[in-house]
Amino acid sequence: VTTKEIRSQEAKDFIKAMKLGDHRMIARCITLVENELPGYLNLLKELKSSDIPVIGITGPPGAGKSTLINAYVRLKVSEGKRIAVIAIDPTSPFNFGSLLGDRLRMTEHFNNENIFIRSLATRGSLGGLSEKIIEITDVLRNAYFDLIIIETVGVGQSEIEIAGLADTTVVVFVPESGDEVQAMKAGIMEIADVFVINKSDRPGGDLLAATIKKMIRPKMDSWEVPVLKTIATTGAGLDQLDKAINHHHQTVKTGQKRLFLLTEKVYQLIKKQRMQNVRREDISKELQLALNKGDVNIYTFAEKLSSTAGTSETR
Ligand SMILES: Nc1nc2c(ncn2[C@@H]2O[C@H](COP(=O)(O)OP(=O)(O)O)[C@@H](O)[C@H]2O)c(=O)[nH]1
Ligand SMILES: [Mg+2]
């Protein structure tokens, strides 16, 4: 392991290699960022903004999130797409990759080059991890993938923390999740772009769907949140899920949600630099101005904003 600082020029070469699909380089860049090795910020500052879709899949443990992702990846790979999956699962941090790997290897479409899987261990909660995931996701967005999927386990507050990470957030339940849904906080309703009731080979899915539909509030960009039923183990309902994800991406690509997501990311980055007094409204305003001028690198942007915020009056 080298501790030599990565300079900007080298970072540019790294990104070039990632774009060409060099998996070892992708893994190296993620490790650089994950462990904050010397020069990792230089790498982040060289990243270009991109609209490669990031799909967050969350829900209670055992709901079938990994199985669903496995089936979805299979579908997308069969379309010739390249997919990166990040799994953040405190209950089974290392099982996911092998599960996905084994199942994919059995399919005719399996090609190592087209799938990249990385498990991240949590340190108890998602706190502090969310900005890491933002950074790692942005690294992956600069590689050669067509789609990035993040699996997180929904436990209390963490669903809300992932709100800023994914362009499309899919919340997965099972037909028996009624009590959980009833106890659901408003925040979870707000982050869900698509609801999935998986394990719909079991009864109760329609009733739960009706309950969820009653709780849905109006969303940004006039998006109507669909409630879908799937059976991840057979692939039933996967086409509808794919349609919903694609449709959502088209809807928010140029909509309000883009600014919301960037604001959320910059907020997390600045919070990490311990700038507690920064307000999201101010970030949004500055971001909109910057976006009007063109391409925005959120790492340079956050650094600039936190250095100016430090000198302005405290609220
Ligand atoms: N009956 C049924 N079982 C499923 C379905 N989807 C997943 N499972 C099973 O549920 C268990 C948990 O799945 P997993 O994907 O690991 O759940 P996760 O914790 O949400 O990632 C596994 O044994 C799966 O085979 C489904 O649609 N129907
Ligand atoms: Mg899982």
# chains A, B, ... in the order shown; residues from 1 in each chain; ligands from 1
call {"tool": "residues_around", "arguments": {"residues": "region 10-27 of chain A", "least_positions_apart": "4", "cutoff": "8 Å", "atoms": "only C-alpha atoms", "output": "PyMOL selection string"}}
result
chain A and resi 6+31+42-43+46-47+113+116+139-140+142-144
call {"tool": "write_last_selection", "arguments": {"atoms": "N, CA and C atoms", "output": "compact mmCIF listing (two decimals), in the first residue's frame"}}
result
# COMPACT_ATOMS: atom_id res chain seq x y z
N ILE A 6 -1.70 11.47 -4.18
CA ILE A 6 -2.14 11.51 -5.57
C ILE A 6 -2.32 12.98 -5.98
N THR A 31 -11.04 2.74 -2.92
CA THR A 31 -10.26 2.55 -1.69
C THR A 31 -9.61 3.86 -1.26
N ASN A 42 -7.98 15.46 -4.25
CA ASN A 42 -7.56 15.84 -5.60
C ASN A 42 -8.31 15.02 -6.64
N LEU A 43 -8.52 13.75 -6.32
CA LEU A 43 -9.29 12.89 -7.23
C LEU A 43 -10.73 13.41 -7.33
N GLU A 46 -11.34 16.38 -9.50
CA GLU A 46 -11.20 16.19 -10.95
C GLU A 46 -12.44 15.53 -11.56
N LEU A 47 -13.39 15.12 -10.73
CA LEU A 47 -14.57 14.42 -11.25
C LEU A 47 -15.48 15.37 -12.01
N GLU A 113 -16.83 -8.06 -16.86
CA GLU A 113 -16.49 -6.68 -17.19
C GLU A 113 -17.67 -5.74 -16.99
N PHE A 116 -19.79 -4.50 -11.55
CA PHE A 116 -18.83 -4.17 -10.49
C PHE A 116 -19.59 -4.15 -9.17
N VAL A 139 -17.41 8.80 -7.81
CA VAL A 139 -16.27 8.13 -8.45
C VAL A 139 -16.81 7.14 -9.50
N LEU A 140 -17.79 6.34 -9.10
CA LEU A 140 -18.37 5.35 -10.02
C LEU A 140 -19.03 6.02 -11.22
N ASN A 142 -17.95 8.46 -12.73
CA ASN A 142 -16.90 8.85 -13.66
C ASN A 142 -16.23 7.64 -14.29
N ALA A 143 -16.68 6.45 -13.94
CA ALA A 143 -16.17 5.25 -14.59
C ALA A 143 -17.07 4.96 -15.79
N TYR A 144 -17.17 3.73 -16.22
CA TYR A 144 -17.85 3.49 -17.50
C TYR A 144 -19.22 2.82 -17.34
call {"tool": "select_by_dssp", "arguments": {"residues": "region 224-277 of chain A", "states": "strand (DSSP E or B)", "output": "VMD selection string"}}
result
chain A and resid 227 to 229 231 236
call {"tool": "residues_near_ligand", "arguments": {"ligand": "ligand 1", "cutoff": "9 Å", "atoms": "only C-alpha atoms and all ligand atoms", "output": "ChimeraX atom specification"}}
result
/A:58-70,89,91-92,95-96,99,151-153,172-174,197-202,230-236
call {"tool": "write_last_selection", "arguments": {"atoms": "N, CA and C atoms", "output": "short mmCIF file (atom, residue, chain, number, x, y, z; two decimals), in the first residue's frame"}}
result
data_model
loop_
_atom_site.label_atom_id
_atom_site.label_comp_id
_atom_site.auth_asym_id
_atom_site.auth_seq_id
_atom_site.Cartn_x
_atom_site.Cartn_y
_atom_site.Cartn_z
N THR A 58 -33.87 0.59 -0.70
CA THR A 58 -33.84 0.48 0.76
C THR A 58 -35.09 -0.23 1.25
N GLY A 59 -35.07 -0.64 2.49
CA GLY A 59 -36.21 -1.36 3.06
C GLY A 59 -35.73 -2.25 4.19
N PRO A 60 -36.67 -2.85 4.91
CA PRO A 60 -36.27 -3.65 6.07
C PRO A 60 -35.44 -4.88 5.68
N PRO A 61 -34.63 -5.38 6.61
CA PRO A 61 -33.82 -6.57 6.32
C PRO A 61 -34.71 -7.75 5.92
N GLY A 62 -34.27 -8.50 4.94
CA GLY A 62 -35.02 -9.68 4.53
C GLY A 62 -36.15 -9.42 3.56
N ALA A 63 -36.35 -8.14 3.17
CA ALA A 63 -37.46 -7.81 2.26
C ALA A 63 -37.21 -8.34 0.86
N GLY A 64 -35.96 -8.69 0.59
CA GLY A 64 -35.62 -9.20 -0.73
C GLY A 64 -34.90 -8.19 -1.60
N LYS A 65 -34.30 -7.19 -0.97
CA LYS A 65 -33.61 -6.13 -1.73
C LYS A 65 -32.47 -6.70 -2.59
N SER A 66 -31.63 -7.53 -1.99
CA SER A 66 -30.50 -8.09 -2.75
C SER A 66 -30.99 -8.99 -3.88
N THR A 67 -32.01 -9.77 -3.60
CA THR A 67 -32.57 -10.66 -4.63
C THR A 67 -33.16 -9.84 -5.78
N LEU A 68 -33.82 -8.76 -5.40
CA LEU A 68 -34.42 -7.87 -6.40
C LEU A 68 -33.33 -7.22 -7.25
N ILE A 69 -32.28 -6.76 -6.61
CA ILE A 69 -31.16 -6.13 -7.33
C ILE A 69 -30.52 -7.15 -8.27
N ASN A 70 -30.35 -8.36 -7.76
CA ASN A 70 -29.79 -9.44 -8.57
C ASN A 70 -30.61 -9.64 -9.86
N ASP A 89 -24.75 -3.06 4.00
CA ASP A 89 -25.64 -3.89 4.80
C ASP A 89 -24.93 -4.32 6.08
N THR A 91 -25.94 -6.08 8.40
CA THR A 91 -26.25 -7.44 8.83
C THR A 91 -25.41 -8.48 8.08
N SER A 92 -25.15 -8.20 6.81
CA SER A 92 -24.32 -9.15 6.06
C SER A 92 -23.45 -8.40 5.06
N ASN A 95 -21.77 -10.94 2.23
CA ASN A 95 -22.46 -12.02 1.54
C ASN A 95 -23.01 -11.61 0.18
N PHE A 96 -23.31 -10.33 0.10
CA PHE A 96 -24.01 -9.86 -1.09
C PHE A 96 -23.26 -10.16 -2.38
N LEU A 99 -23.30 -13.75 -3.37
CA LEU A 99 -24.66 -14.14 -3.76
C LEU A 99 -24.94 -13.69 -5.19
N GLU A 151 -27.59 -0.46 -2.37
CA GLU A 151 -28.50 -1.14 -1.45
C GLU A 151 -28.20 -0.69 -0.02
N THR A 152 -29.20 -0.18 0.66
CA THR A 152 -29.03 0.14 2.08
C THR A 152 -30.16 -0.50 2.86
N VAL A 153 -29.90 -0.81 4.11
CA VAL A 153 -30.94 -1.39 4.95
C VAL A 153 -31.68 -0.25 5.65
N VAL A 172 -38.56 -0.88 -0.51
CA VAL A 172 -39.07 -2.25 -0.66
C VAL A 172 -39.72 -2.72 0.64
N PHE A 173 -40.95 -3.21 0.53
CA PHE A 173 -41.63 -3.85 1.65
C PHE A 173 -42.04 -5.26 1.25
N VAL A 174 -42.65 -5.97 2.20
CA VAL A 174 -43.25 -7.28 1.89
C VAL A 174 -44.73 -7.19 2.29
N ILE A 197 -43.71 -3.77 -3.33
CA ILE A 197 -44.11 -4.79 -2.38
C ILE A 197 -43.60 -6.11 -2.96
N ASN A 198 -42.46 -6.52 -2.42
CA ASN A 198 -41.83 -7.75 -2.91
C ASN A 198 -42.44 -8.96 -2.18
N LYS A 199 -42.10 -10.15 -2.60
CA LYS A 199 -42.66 -11.39 -2.08
C LYS A 199 -44.18 -11.42 -2.27
N SER A 200 -44.60 -10.89 -3.41
CA SER A 200 -46.02 -10.86 -3.71
C SER A 200 -46.57 -12.21 -4.14
N ASP A 201 -45.73 -13.24 -4.02
CA ASP A 201 -46.26 -14.60 -4.12
C ASP A 201 -47.01 -14.94 -2.84
N ARG A 202 -46.90 -14.07 -1.84
CA ARG A 202 -47.64 -14.27 -0.60
C ARG A 202 -48.81 -13.29 -0.56
N THR A 230 -43.81 -7.13 -6.76
CA THR A 230 -42.81 -7.96 -7.43
C THR A 230 -42.65 -9.30 -6.72
N ILE A 231 -42.09 -10.25 -7.46
CA ILE A 231 -41.60 -11.50 -6.87
C ILE A 231 -40.16 -11.62 -7.36
N ALA A 232 -39.24 -11.21 -6.50
CA ALA A 232 -37.84 -11.11 -6.94
C ALA A 232 -37.28 -12.46 -7.34
N THR A 233 -37.75 -13.51 -6.70
CA THR A 233 -37.20 -14.85 -6.97
C THR A 233 -37.60 -15.39 -8.35
N THR A 234 -38.70 -14.87 -8.92
CA THR A 234 -39.09 -15.33 -10.26
C THR A 234 -38.92 -14.23 -11.30
N GLY A 235 -38.76 -13.00 -10.83
CA GLY A 235 -38.62 -11.89 -11.77
C GLY A 235 -39.95 -11.25 -12.13
N ALA A 236 -41.04 -11.72 -11.53
CA ALA A 236 -42.36 -11.14 -11.84
C ALA A 236 -42.41 -9.69 -11.35
#
call {"tool": "residues_around", "arguments": {"residues": "region 284-299 of chain A", "least_positions_apart": "2", "cutoff": "10 Å", "atoms": "only C-alpha atoms", "output": "PyMOL selection string"}}
result
chain A and resi 41-50+135+138+259-267+269-270+279-282+301-305
call {"tool": "write_last_selection", "arguments": {"atoms": "N, CA, C and O atoms", "output": "compact mmCIF listing (two decimals), in the first residue's frame"}}
result
# COMPACT_ATOMS: atom_id res chain seq x y z
N LEU A 41 -8.83 13.94 -2.13
CA LEU A 41 -9.62 15.12 -2.48
C LEU A 41 -9.24 15.64 -3.87
O LEU A 41 -10.10 16.17 -4.59
N ASN A 42 -7.98 15.46 -4.25
CA ASN A 42 -7.56 15.84 -5.60
C ASN A 42 -8.31 15.02 -6.64
O ASN A 42 -8.67 15.52 -7.69
N LEU A 43 -8.52 13.75 -6.32
CA LEU A 43 -9.29 12.89 -7.23
C LEU A 43 -10.73 13.41 -7.33
O LEU A 43 -11.26 13.59 -8.43
N LEU A 44 -11.35 13.66 -6.17
CA LEU A 44 -12.74 14.11 -6.17
C LEU A 44 -12.91 15.41 -6.97
O LEU A 44 -13.88 15.61 -7.67
N LYS A 45 -11.92 16.29 -6.84
CA LYS A 45 -12.02 17.59 -7.51
C LYS A 45 -11.86 17.49 -9.02
O LYS A 45 -12.17 18.43 -9.73
N GLU A 46 -11.34 16.38 -9.50
CA GLU A 46 -11.20 16.19 -10.95
C GLU A 46 -12.44 15.53 -11.56
O GLU A 46 -12.53 15.37 -12.77
N LEU A 47 -13.39 15.12 -10.73
CA LEU A 47 -14.57 14.42 -11.25
C LEU A 47 -15.48 15.37 -12.01
O LEU A 47 -15.62 16.53 -11.64
N LYS A 48 -16.07 14.85 -13.06
CA LYS A 48 -17.04 15.63 -13.83
C LYS A 48 -18.45 15.27 -13.35
O LYS A 48 -18.70 14.14 -12.95
N SER A 49 -19.36 16.25 -13.42
CA SER A 49 -20.74 15.93 -13.07
C SER A 49 -21.31 15.06 -14.19
O SER A 49 -20.87 15.14 -15.33
N SER A 50 -22.26 14.20 -13.83
CA SER A 50 -22.78 13.28 -14.84
C SER A 50 -24.22 12.94 -14.49
O SER A 50 -24.62 13.06 -13.33
N GLU A 135 -19.40 10.31 -2.19
CA GLU A 135 -18.10 10.40 -2.88
C GLU A 135 -17.85 9.16 -3.74
O GLU A 135 -17.43 9.28 -4.90
N ASP A 138 -19.96 9.17 -6.79
CA ASP A 138 -19.45 10.10 -7.80
C ASP A 138 -18.24 9.54 -8.52
O ASP A 138 -18.07 9.78 -9.73
N LEU A 259 -31.59 19.92 -8.46
CA LEU A 259 -31.05 20.93 -7.55
C LEU A 259 -31.15 20.46 -6.11
O LEU A 259 -30.23 20.65 -5.31
N PHE A 260 -32.27 19.81 -5.78
CA PHE A 260 -32.45 19.27 -4.42
C PHE A 260 -31.33 18.28 -4.07
O PHE A 260 -30.74 18.36 -2.99
N LEU A 261 -31.03 17.39 -4.99
CA LEU A 261 -30.01 16.37 -4.74
C LEU A 261 -28.62 16.98 -4.58
O LEU A 261 -27.87 16.63 -3.68
N LEU A 262 -28.31 17.93 -5.47
CA LEU A 262 -27.00 18.58 -5.39
C LEU A 262 -26.88 19.37 -4.08
O LEU A 262 -25.84 19.34 -3.42
N THR A 263 -27.95 20.03 -3.70
CA THR A 263 -27.96 20.79 -2.44
C THR A 263 -27.71 19.85 -1.27
O THR A 263 -26.89 20.13 -0.39
N GLU A 264 -28.41 18.73 -1.28
CA GLU A 264 -28.28 17.74 -0.22
C GLU A 264 -26.83 17.23 -0.12
O GLU A 264 -26.28 17.09 0.96
N LYS A 265 -26.22 17.00 -1.27
CA LYS A 265 -24.84 16.50 -1.28
C LYS A 265 -23.87 17.54 -0.75
O LYS A 265 -23.02 17.24 0.08
N VAL A 266 -24.01 18.76 -1.25
CA VAL A 266 -23.10 19.83 -0.79
C VAL A 266 -23.30 20.06 0.70
O VAL A 266 -22.33 20.24 1.44
N TYR A 267 -24.55 20.00 1.16
CA TYR A 267 -24.84 20.16 2.59
C TYR A 267 -24.09 19.11 3.42
O TYR A 267 -23.47 19.43 4.42
N LEU A 269 -21.41 17.47 2.52
CA LEU A 269 -19.96 17.70 2.42
C LEU A 269 -19.53 18.83 3.35
O LEU A 269 -18.51 18.74 4.02
N ILE A 270 -20.34 19.88 3.40
CA ILE A 270 -19.98 21.02 4.26
C ILE A 270 -20.14 20.64 5.73
O ILE A 270 -19.32 21.00 6.57
N ARG A 279 -26.92 26.99 5.75
CA ARG A 279 -28.33 26.66 5.51
C ARG A 279 -28.52 26.13 4.09
O ARG A 279 -27.92 26.62 3.14
N ARG A 280 -29.42 25.15 3.98
CA ARG A 280 -29.67 24.54 2.67
C ARG A 280 -30.14 25.58 1.65
O ARG A 280 -29.78 25.52 0.48
N GLU A 281 -30.97 26.53 2.11
CA GLU A 281 -31.49 27.55 1.17
C GLU A 281 -30.35 28.32 0.51
O GLU A 281 -30.39 28.61 -0.68
N ASP A 282 -29.36 28.66 1.35
CA ASP A 282 -28.22 29.42 0.82
C ASP A 282 -27.43 28.58 -0.18
O ASP A 282 -27.00 29.08 -1.22
N PHE A 301 -16.92 23.25 -5.17
CA PHE A 301 -17.99 24.16 -4.78
C PHE A 301 -18.14 24.20 -3.26
O PHE A 301 -18.20 25.27 -2.65
N ALA A 302 -18.20 23.02 -2.63
CA ALA A 302 -18.38 22.95 -1.17
C ALA A 302 -17.19 23.58 -0.46
O ALA A 302 -17.36 24.29 0.55
N GLU A 303 -16.00 23.35 -1.00
CA GLU A 303 -14.80 23.92 -0.38
C GLU A 303 -14.85 25.44 -0.42
O GLU A 303 -14.61 26.10 0.58
N LYS A 304 -15.22 25.97 -1.57
CA LYS A 304 -15.31 27.42 -1.74
C LYS A 304 -16.37 28.00 -0.80
O LYS A 304 -16.14 28.97 -0.10
N LEU A 305 -17.53 27.34 -0.81
CA LEU A 305 -18.65 27.84 0.00
C LEU A 305 -18.32 27.81 1.49
O LEU A 305 -18.63 28.74 2.22
call {"tool": "residues_around", "arguments": {"residues": "Val227 (chain A)", "least_positions_apart": "5", "cutoff": "7 Å", "atoms": "only C-alpha atoms", "output": "ChimeraX atom specification"}}
result
/A:194-196,209
call {"tool": "closest_residue", "arguments": {"among": "A:Ala192, A:Lys132, A:Ser119, A:Ile83", "to": "ligand 2", "atoms": "only C-alpha atoms and all ligand atoms"}}
result
A:Ser119
call {"tool": "atom_distance", "arguments": {"atom1": "CA of Arg7 (chain A)", "atom2": "CA of Ile52 (chain A)"}}
result
25.9 Å
call {"tool": "closest_residue", "arguments": {"among": "A:Gly154, A:Gly80, A:Pro203, A:Pro38", "to": "ligand 2", "atoms": "only C-alpha atoms and all ligand atoms"}}
result
A:Gly154
call {"tool": "residues_around", "arguments": {"residues": "Gly178 (chain A)", "least_positions_apart": "3", "cutoff": "10 Å", "atoms": "only C-alpha atoms", "output": "PDB file with N, CA, C and O atoms, in the first residue's frame"}}
result
ATOM      1  N   PHE A 173     -40.951  -3.206   0.529  1.00  0.00           N
ATOM      2  CA  PHE A 173     -41.631  -3.848   1.653  1.00  0.00           C
ATOM      3  C   PHE A 173     -42.039  -5.256   1.253  1.00  0.00           C
ATOM      4  O   PHE A 173     -41.827  -5.674   0.112  1.00  0.00           O
ATOM      5  N   VAL A 174     -42.645  -5.975   2.201  1.00  0.00           N
ATOM      6  CA  VAL A 174     -43.248  -7.276   1.894  1.00  0.00           C
ATOM      7  C   VAL A 174     -44.726  -7.194   2.294  1.00  0.00           C
ATOM      8  O   VAL A 174     -45.107  -6.274   3.016  1.00  0.00           O
ATOM      9  N   PRO A 175     -45.568  -8.127   1.831  1.00  0.00           N
ATOM     10  CA  PRO A 175     -46.999  -8.030   2.145  1.00  0.00           C
ATOM     11  C   PRO A 175     -47.290  -7.914   3.646  1.00  0.00           C
ATOM     12  O   PRO A 175     -48.293  -7.312   4.043  1.00  0.00           O
ATOM     13  N   VAL A 181     -45.409  -0.037   7.892  1.00  0.00           N
ATOM     14  CA  VAL A 181     -45.868   1.064   7.044  1.00  0.00           C
ATOM     15  C   VAL A 181     -46.679   2.053   7.876  1.00  0.00           C
ATOM     16  O   VAL A 181     -46.501   3.266   7.758  1.00  0.00           O
ATOM     17  N   GLN A 182     -47.544   1.529   8.749  1.00  0.00           N
ATOM     18  CA  GLN A 182     -48.358   2.411   9.595  1.00  0.00           C
ATOM     19  C   GLN A 182     -47.489   3.284  10.499  1.00  0.00           C
ATOM     20  O   GLN A 182     -47.809   4.429  10.765  1.00  0.00           O
ATOM     21  N   ALA A 183     -46.383   2.716  10.951  1.00  0.00           N
ATOM     22  CA  ALA A 183     -45.503   3.434  11.870  1.00  0.00           C
ATOM     23  C   ALA A 183     -44.485   4.306  11.141  1.00  0.00           C
ATOM     24  O   ALA A 183     -43.673   4.964  11.763  1.00  0.00           O
ATOM     25  N   MET A 184     -44.590   4.283   9.815  1.00  0.00           N
ATOM     26  CA  MET A 184     -43.586   4.960   8.998  1.00  0.00           C
ATOM     27  C   MET A 184     -43.596   6.464   9.215  1.00  0.00           C
ATOM     28  O   MET A 184     -44.651   7.077   9.292  1.00  0.00           O
ATOM     29  N   GLY A 204     -51.746 -10.488   0.661  1.00  0.00           N
ATOM     30  CA  GLY A 204     -51.755  -9.245   1.439  1.00  0.00           C
ATOM     31  C   GLY A 204     -51.175  -8.052   0.718  1.00  0.00           C
ATOM     32  O   GLY A 204     -51.252  -6.925   1.207  1.00  0.00           O
ATOM     33  N   GLY A 205     -50.598  -8.287  -0.456  1.00  0.00           N
ATOM     34  CA  GLY A 205     -49.936  -7.212  -1.191  1.00  0.00           C
ATOM     35  C   GLY A 205     -50.871  -6.087  -1.615  1.00  0.00           C
ATOM     36  O   GLY A 205     -50.514  -4.914  -1.515  1.00  0.00           O
ATOM     37  N   LEU A 207     -53.740  -5.121  -0.293  1.00  0.00           N
ATOM     38  CA  LEU A 207     -54.178  -4.349   0.867  1.00  0.00           C
ATOM     39  C   LEU A 207     -53.085  -3.357   1.276  1.00  0.00           C
ATOM     40  O   LEU A 207     -53.344  -2.182   1.523  1.00  0.00           O
ATOM     41  N   LEU A 208     -51.859  -3.848   1.324  1.00  0.00           N
ATOM     42  CA  LEU A 208     -50.744  -2.987   1.708  1.00  0.00           C
ATOM     43  C   LEU A 208     -50.552  -1.869   0.679  1.00  0.00           C
ATOM     44  O   LEU A 208     -50.314  -0.713   1.047  1.00  0.00           O
ATOM     45  N   ALA A 209     -50.685  -2.222  -0.599  1.00  0.00           N
ATOM     46  CA  ALA A 209     -50.549  -1.216  -1.663  1.00  0.00           C
ATOM     47  C   ALA A 209     -51.564  -0.098  -1.466  1.00  0.00           C
ATOM     48  O   ALA A 209     -51.230   1.085  -1.583  1.00  0.00           O
ATOM     49  N   THR A 211     -52.974   0.843   1.333  1.00  0.00           N
ATOM     50  CA  THR A 211     -52.571   1.618   2.516  1.00  0.00           C
ATOM     51  C   THR A 211     -51.474   2.615   2.151  1.00  0.00           C
ATOM     52  O   THR A 211     -51.542   3.788   2.526  1.00  0.00           O
ATOM     53  N   ILE A 212     -50.484   2.138   1.418  1.00  0.00           N
ATOM     54  CA  ILE A 212     -49.366   3.014   1.033  1.00  0.00           C
ATOM     55  C   ILE A 212     -49.869   4.148   0.140  1.00  0.00           C
ATOM     56  O   ILE A 212     -49.513   5.307   0.351  1.00  0.00           O
TER      57      ILE A 212
END
